[in-house]
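*Asks:* Sharing a structure below in structure tokens format, with a few things to ask.
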Number of protein chains: 2
Amino acid sequence: MIVALAGGVGGAKLAHGLYQTLRPDALSVIVNTADDFELFGLRISPDADTVMYTLGGVANNQTGWGVAGDTWQTLEMLGRYGHESTWFRIGDRDFATHIMRTEQLRAGQSLTATTHTLTSALGIRAWLLPMSDQIVATEVETPAGRLHFQDYFVRRHHADEVRGVVFAGIESAHITAEVDAALGQASAIVFCPSNPIVSIGPILAVGGMREAIAAARVPKIAISPIIGGKALRGPADQMLAGLGYDASALGVARIYGDLIDGFVIDQADAELEAQIAALGVRVLVTNTVMRDEGDRRTLAQNVLRFAASLASDDATILKELTD
Amino acid sequence: MIVALAGGVGGAKLAHGLYQTLRPDALSVIVNTADDFELFGLRISPDADTVMYTLGGVANNQTGWGVAGDTWQTLEMLGRYGHESTWFRIGDRDFATHIMRTEQLRAGQSLTATTHTLTSALGIRAWLLPMSDQIVATEVETPAGRLHFQDYFVRRHHADEVRGVVFAGIESAHITAEVDAALGQASAIVFCPSNPIVSIGPILAVGGMREAIAAARVPKIAISPIIGGKALRGPADQMLAGLGYDASALGVARIYGDLIDGFVIDQADAELEAQIAALGVRVLVTNTVMRDEGDRRTLAQNVLRFAASLASDDATILKELTD
């Protein structure tokens with residue numbers, strides 16, 4: 001089993017590359033759910049949905065979120081009814097996901113079980129695992145006050161300076177049996193190129209997660225979401241700077257620290273190799289920009305081979321590869 | 001104020017005729033909510049929605065339910081997720097209604113307040129009033145067992161013999177302040193050509209409703225939904241027969257009994273005029289089939305003039321007419 005930790009779009013792309021590279025049921029993706037929120041009375045799980053739609057082959061690759069070819073009838077009618085939340089763009093097919101999830105959660109199903117129902121129906125054979133079944137909500141401290149993550153990220157277009165990040169509810173969240181089992185079976189753990197503060201950060205903050213990752217005696221590889229000091233997408237660079245970190249691949253490597261064995265940086269950051277290696281991690285310099293599906297597979301293969309090179313028994317990783 | 005009692009399609013058509021004939025805010029429609037149910041975790045109010053969409057000018061006149069030109073992306077996706085309830089056809093715009101209603105109800109709003117939010121947003125100036133804010137659920141006794149109304153009506157296409165009808169929860173339901181006020185201001189009360197058992201029946205069974213109607217010293221007119229022994233739409237005829245009533249306009253007039261002063265029958269039933277008059281009600285014989293919007297207005301005008309002819313002061317009704 002290869003276990004990936006993922007947030008939204010960047011994480012989903014590498015998870016997709018891994019999914020296409022591995023035996024399909026040899027991949028578990030532990031996904032950030034601290035961006036989850038309730039809107040229109042429905043439970044929305046933005047990162048889980050982005051990974052699910054991407055693995056299921058129905059993602060809208062233009063926007064990075066939502067379902068390809070989706071339509072907007074429901075949202076337009078909600079707007080006509082005067083609903084104030086139409087700034088969060090939910091398409092008609094996407095609404096079905098939230099309706100189904102909400103109904104099952106209200107009927108007492110766990111988020112993990114509900115997610116499995118949805119992914120199975122889409123024919124996804126990988127395991128998409130919410131980081132926790134408890135509710136955690138990322139909030140961002142800004143000059144405009146403390147904002148719910150989606151307010152900051154979507155409604156206000158992540159334009160506010162970030163002075164602090166809080167994961168409300170994290171003290172009551174713990175890893176699920178499914179996450180624990182996946183980490184226990186892992187032959188490698190991959191930290192996808194997602195925002196280290198608000199995507200991977202909440203995952204690592206869930207009770208029992210760091211311990212379970214630390215206990216796994218397998219290669220742990222992180223891919224930098226920062227290239228040349230910039231996030232490919234989203235506010236990770238500004239967020240790192242605002243919180244006093246170095247907005248660079250080096251800064252990300254420092255955040256993960258002892259938790260990882262290997263770090264993957266883009267060729268554009270080759271100059272940082274020695275500094276990152278000095279932290280005590282092995283470094284792979286390669287192309288990390290995933291422009292198309294071929295790039296996703298190539299990066300996944302490079303990450304897995306890098307992991308195998310760090311493993312005591314590289315065969316356990318390489319046998320999961322389908323080619 | 002003219003107050004109409006209405007169920008689904010037939011009631012909506014006459015309500016629409018009244019709405020086009022009266023000053024728009026001089027109409028209150030008390031609508032059956034005993035067909036309401038929860039599906040997809042959402043609160044569906046089929047009769048209220050049919051009246052609302054019809055008055056709002058967005059009804060699908062081909063089907064009689066739903067929104068004109070609606071699409072099916074959400075429902076198709078729910079089907080792809082394996083949801084079992086896609087037999088109840090909810091379009092994408094229609095979903096918005098149920099999402100909005102459910103969110104407001106969960107936030108503690110009454111069904112009456114929620115309905116007002118929706119109708120106002122659609123520009124409807126008439127008052128659409130749920131018969132009660134309490135939950136009532138019509139159940140039908142059949143040879144196949146006791147069925148929830150929508151199971152009987154939609155899923156099983158009202159093909160089962162009806163041996164009994166139960167309004168579960170009716171003992172706890174009472175009229176709202178808004179219904180009471182509307183009946184108190186009524187200058188006439190119109191029982192629309194809706195199913196007397198499962199559409200008008202539950203309205204009359206709500207605690208305080210019969211008393212409030214009886215207390216109103218104004219003309220009360222019912223329009224037969226049965227023409228030539230047949231319901232124009234739906235199972236009213238079979239239902240009347242199954243429950244031991246005469247499946248005819250006469251049978252309907254007997255059910256309403258002392259509650260009404262006037263009864264409107266179709267020209268096809270002219271032969272029943274004397275028998276119905278013998279019950280002690282005045283009878284109007286006219287065309288009651290509403291094929292188009294002109295028919296709706298014409299029937300509404302005829303009903304209102306008939307009501308005026310039975311009133312002690314006919315001016316109070318006639319002054320509400322716009323032409």
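As shown in the structure tokens, the chain order sets the letters A, B, ...; within each chain, residues go from 1, and ligands are also counted from 1 in the order they appear.
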Find the residues around range 238-240 of chain B up to 12 Å (only C-alpha atoms counted), leave out those fewer than 6 positions away in its own chain, and share them as a ChimeraX atom specification.
*Replies:* /B:140-142,152-153,158-165,195-199,201,225-226,229-232,246-252,254-255
*Asks:* Kindly export the residues of the current selection with N, CA and C atoms, as a compact mmCIF listing (two decimals), in the first residue's frame.
*Replies:*
# COMPACT_ATOMS: atom_id res chain seq x y z
N VAL B 140 -51.84 5.22 2.87
CA VAL B 140 -52.94 4.58 2.15
C VAL B 140 -52.92 3.08 2.46
N GLU B 141 -54.05 2.58 2.92
CA GLU B 141 -54.18 1.13 3.15
C GLU B 141 -54.53 0.45 1.83
N THR B 142 -53.72 -0.50 1.43
CA THR B 142 -53.95 -1.21 0.17
C THR B 142 -53.77 -2.71 0.40
N TYR B 152 -47.48 5.14 -2.91
CA TYR B 152 -48.71 4.75 -3.60
C TYR B 152 -48.90 5.54 -4.89
N PHE B 153 -48.70 6.85 -4.78
CA PHE B 153 -49.12 7.75 -5.87
C PHE B 153 -48.09 7.80 -7.00
N HIS B 158 -50.37 4.89 -8.41
CA HIS B 158 -51.72 4.74 -7.85
C HIS B 158 -52.51 3.60 -8.48
N ALA B 159 -51.83 2.44 -8.58
CA ALA B 159 -52.47 1.25 -9.18
C ALA B 159 -53.09 0.35 -8.11
N ASP B 160 -52.78 0.58 -6.83
CA ASP B 160 -53.31 -0.29 -5.77
C ASP B 160 -54.73 0.11 -5.40
N GLU B 161 -55.51 -0.87 -5.06
CA GLU B 161 -56.86 -0.60 -4.54
C GLU B 161 -56.72 0.09 -3.18
N VAL B 162 -57.51 1.12 -2.97
CA VAL B 162 -57.42 1.87 -1.71
C VAL B 162 -58.52 1.40 -0.76
N ARG B 163 -58.12 0.87 0.41
CA ARG B 163 -59.10 0.37 1.38
C ARG B 163 -59.24 1.30 2.57
N GLY B 164 -58.30 2.22 2.68
CA GLY B 164 -58.38 3.15 3.80
C GLY B 164 -57.34 4.23 3.65
N VAL B 165 -57.56 5.35 4.31
CA VAL B 165 -56.61 6.47 4.26
C VAL B 165 -56.41 6.96 5.69
N ASN B 195 -58.59 16.40 -5.09
CA ASN B 195 -59.06 15.13 -4.52
C ASN B 195 -59.68 15.38 -3.13
N PRO B 196 -60.98 15.06 -2.96
CA PRO B 196 -61.63 15.37 -1.68
C PRO B 196 -61.10 14.52 -0.53
N ILE B 197 -60.53 13.36 -0.84
CA ILE B 197 -60.04 12.46 0.22
C ILE B 197 -58.64 12.86 0.67
N VAL B 198 -57.70 12.95 -0.26
CA VAL B 198 -56.30 13.11 0.14
C VAL B 198 -55.73 14.50 -0.11
N SER B 199 -56.51 15.40 -0.71
CA SER B 199 -56.02 16.78 -0.87
C SER B 199 -56.81 17.73 0.03
N GLY B 201 -59.26 16.64 2.02
CA GLY B 201 -59.50 15.89 3.26
C GLY B 201 -58.54 16.26 4.39
N PRO B 225 -64.10 17.70 -8.55
CA PRO B 225 -62.97 17.19 -9.34
C PRO B 225 -63.37 15.96 -10.14
N ILE B 226 -64.59 15.50 -9.95
CA ILE B 226 -65.08 14.32 -10.67
C ILE B 226 -66.05 14.78 -11.75
N GLY B 229 -68.13 10.80 -13.53
CA GLY B 229 -67.69 9.64 -12.75
C GLY B 229 -66.20 9.39 -12.77
N LYS B 230 -65.46 10.26 -13.45
CA LYS B 230 -64.01 10.07 -13.56
C LYS B 230 -63.26 11.30 -13.06
N ALA B 231 -62.12 11.06 -12.44
CA ALA B 231 -61.22 12.16 -12.12
C ALA B 231 -60.49 12.57 -13.39
N LEU B 232 -60.32 13.88 -13.61
CA LEU B 232 -59.58 14.33 -14.78
C LEU B 232 -58.14 13.84 -14.71
N ASP B 246 -69.76 7.37 -3.41
CA ASP B 246 -70.19 7.39 -4.79
C ASP B 246 -69.11 8.12 -5.61
N ALA B 247 -68.57 7.47 -6.62
CA ALA B 247 -67.51 8.11 -7.42
C ALA B 247 -68.16 9.03 -8.45
N SER B 248 -68.67 10.14 -7.95
CA SER B 248 -69.38 11.09 -8.82
C SER B 248 -69.35 12.45 -8.16
N ALA B 249 -69.78 13.46 -8.91
CA ALA B 249 -69.91 14.80 -8.33
C ALA B 249 -70.86 14.77 -7.13
N LEU B 250 -71.89 13.96 -7.20
CA LEU B 250 -72.82 13.83 -6.08
C LEU B 250 -72.11 13.30 -4.84
N GLY B 251 -71.29 12.29 -5.04
CA GLY B 251 -70.52 11.74 -3.92
C GLY B 251 -69.63 12.78 -3.27
N VAL B 252 -69.01 13.62 -4.09
CA VAL B 252 -68.14 14.67 -3.55
C VAL B 252 -68.96 15.69 -2.76
N ARG B 254 -71.70 15.20 -1.24
CA ARG B 254 -72.11 14.59 0.05
C ARG B 254 -70.97 14.66 1.07
N ILE B 255 -69.73 14.46 0.60
CA ILE B 255 -68.59 14.51 1.53
C ILE B 255 -68.47 15.89 2.16
*Asks:* Please report, as a VMD selection string, each residue of range 203-252 of chain B to which DSSP assigns strand (DSSP E) when run on this structure's backbone.
*Replies:* chain B and resid 220 to 223 226 to 227 230 to 231
*Asks:* For the selection just defined, write its residues with C-alpha atoms to a file, as a PDB file, in the first residue's frame.
*Replies:*
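Generated file (out-v3.pdb):
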ATOM      1  CA  LYS B 220     -68.353  28.482   0.500  1.00  0.00           C
ATOM      2  CA  ILE B 221     -68.166  26.977  -2.934  1.00  0.00           C
ATOM      3  CA  ALA B 222     -66.716  23.610  -3.970  1.00  0.00           C
ATOM      4  CA  ILE B 223     -65.878  22.583  -7.516  1.00  0.00           C
ATOM      5  CA  ILE B 226     -65.079  14.319 -10.668  1.00  0.00           C
ATOM      6  CA  ILE B 227     -66.675  14.702 -14.112  1.00  0.00           C
ATOM      7  CA  LYS B 230     -64.008  10.071 -13.565  1.00  0.00           C
ATOM      8  CA  ALA B 231     -61.218  12.165 -12.118  1.00  0.00           C
TER       9      ALA B 231
END
*Asks:* Please find the residues of chain A near chain B - the criterion being any atom within 8 Å, counting only C-alpha atoms - and write them as a list in words.
*Replies:* Phe40, Gly41, Asp70, Thr71, Gln73, Thr74, Leu75, Glu76, Met77, Leu78, Arg80, Tyr81, Gly82, His83, Asp92, Arg93, Asp94, Phe95, Ala96, Thr97, Ile99, Met100, Thr102, Glu103, Arg106, Thr117, Leu118, Ala121 and Leu122 of chain A
*Asks:* Considering only C-alpha atoms, return as a list of chain:residue names whatever protein or nucleic-acid residues lie within 6 Å of range 299-313 of chain A, sequence-local ones (same chain, fewer than 6 positions apart) excluded.
*Replies:*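 Residues meeting the cut-off are A:Gly17, A:Leu18, A:Pro219.
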*Asks:* Would you please extract all helix (DSSP H, G or I) residues from range 1-148 of chain A, as assigned by DSSP on the backbone, and give them as a ChimeraX atom specification?
*Replies:* /A:9-21,24-26,46-55,73-80,92-106,111-121
*Asks:* Save out the residues we just selected, C-alpha atoms, as a JSON list (two decimals), in the first residue's frame.
*Replies:*
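Writing the result to again14.json gives the following:
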[["chain", "number", "residue", "atom", "x", "y", "z"],
["A", 9, "VAL", "CA", -5.90, 20.37, -6.73],
["A", 10, "GLY", "CA", -2.12, 19.72, -6.50],
["A", 11, "GLY", "CA", -2.69, 16.76, -4.22],
["A", 12, "ALA", "CA", -5.40, 15.40, -6.47],
["A", 13, "LYS", "CA", -3.12, 15.57, -9.51],
["A", 14, "LEU", "CA", -0.33, 13.57, -7.91],
["A", 15, "ALA", "CA", -2.83, 11.16, -6.35],
["A", 16, "HIS", "CA", -4.19, 10.63, -9.86],
["A", 17, "GLY", "CA", -0.67, 9.98, -11.16],
["A", 18, "LEU", "CA", -0.13, 7.44, -8.38],
["A", 19, "TYR", "CA", -3.51, 5.85, -9.08],
["A", 20, "GLN", "CA", -2.62, 5.38, -12.73],
["A", 21, "THR", "CA", 0.81, 4.04, -11.85],
["A", 24, "PRO", "CA", -5.59, 0.60, -8.19],
["A", 25, "ASP", "CA", -6.32, -0.84, -4.75],
["A", 26, "ALA", "CA", -2.71, -0.31, -3.62],
["A", 46, "PRO", "CA", -13.96, 20.43, -1.10],
["A", 47, "ASP", "CA", -10.64, 18.58, -0.96],
["A", 48, "ALA", "CA", -12.19, 15.12, -0.78],
["A", 49, "ASP", "CA", -14.41, 15.98, -3.74],
["A", 50, "THR", "CA", -11.53, 17.31, -5.81],
["A", 51, "VAL", "CA", -9.55, 14.11, -5.21],
["A", 52, "MET", "CA", -12.65, 11.97, -5.82],
["A", 53, "TYR", "CA", -13.65, 13.67, -9.05],
["A", 54, "THR", "CA", -10.03, 13.55, -10.26],
["A", 55, "LEU", "CA", -9.55, 9.84, -9.50],
["A", 73, "GLN", "CA", -29.54, 25.34, -12.75],
["A", 74, "THR", "CA", -29.82, 24.57, -9.04],
["A", 75, "LEU", "CA", -27.44, 27.35, -8.02],
["A", 76, "GLU", "CA", -29.16, 29.87, -10.29],
["A", 77, "MET", "CA", -32.53, 29.00, -8.78],
["A", 78, "LEU", "CA", -31.08, 29.33, -5.28],
["A", 79, "GLY", "CA", -29.88, 32.76, -6.35],
["A", 80, "ARG", "CA", -33.36, 33.58, -7.56],
["A", 92, "ASP", "CA", -25.90, 20.45, -10.52],
["A", 93, "ARG", "CA", -23.95, 17.17, -10.50],
["A", 94, "ASP", "CA", -21.77, 18.45, -7.67],
["A", 95, "PHE", "CA", -24.94, 19.14, -5.65],
["A", 96, "ALA", "CA", -25.78, 15.44, -5.91],
["A", 97, "THR", "CA", -22.53, 14.64, -4.09],
["A", 98, "HIS", "CA", -23.34, 16.99, -1.24],
["A", 99, "ILE", "CA", -26.98, 15.87, -1.04],
["A", 100, "MET", "CA", -25.94, 12.20, -0.87],
["A", 101, "ARG", "CA", -23.20, 12.86, 1.69],
["A", 102, "THR", "CA", -25.42, 14.98, 3.90],
["A", 103, "GLU", "CA", -28.25, 12.47, 3.85],
["A", 104, "GLN", "CA", -25.93, 9.63, 4.82],
["A", 105, "LEU", "CA", -24.21, 11.65, 7.56],
["A", 106, "ARG", "CA", -27.59, 12.62, 9.03],
["A", 111, "LEU", "CA", -17.71, 10.55, 6.77],
["A", 112, "THR", "CA", -15.34, 7.69, 5.96],
["A", 113, "ALA", "CA", -18.21, 5.30, 5.13],
["A", 114, "THR", "CA", -20.03, 7.97, 3.12],
["A", 115, "THR", "CA", -16.91, 8.78, 1.15],
["A", 116, "HIS", "CA", -16.47, 5.08, 0.38],
["A", 117, "THR", "CA", -20.04, 4.87, -0.93],
["A", 118, "LEU", "CA", -19.42, 7.80, -3.27],
["A", 119, "THR", "CA", -15.99, 6.70, -4.54],
["A", 120, "SER", "CA", -17.15, 3.11, -5.08],
["A", 121, "ALA", "CA", -20.12, 4.33, -7.11]]
*Asks:* If we count only C-alpha atoms and set the cut-off at 9 Å, which residues sit around range 29-32 of chain B, ignoring sequence neighbours fewer than 4 positions away in its own chain? Please answer as JSON, numbers by chain.
*Replies:* {"B": [2, 3, 4, 5, 6, 7, 8, 11, 15, 36, 45, 46, 47, 48, 51, 126, 127, 128, 129, 130, 131, 132, 179, 182, 198, 199, 200, 201, 202, 203]}
*Asks:* List the neighbours of Ala214 in chain B out to 9 Å using only C-alpha atoms; skip same-chain residues closer than 3 positions along the sequence, and give me the result as a PyMOL selection string.
*Replies:* chain B and resi 209-211+217+258-260
*Asks:* What is the CA of Ala137 in chain A to CA of Gln150 in chain A distance in Å?
*Replies:*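 Result for CA of Ala137 in chain A versus CA of Gln150 in chain A: 9.8 Å, one decimal.
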*Asks:* CA of Gly108 in chain A to CA of Asp35 in chain A: how many Å, to one decimal?
*Replies:*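 Answer for the CA of Gly108 in chain A to CA of Asp35 in chain A separation: 21.1 Å.
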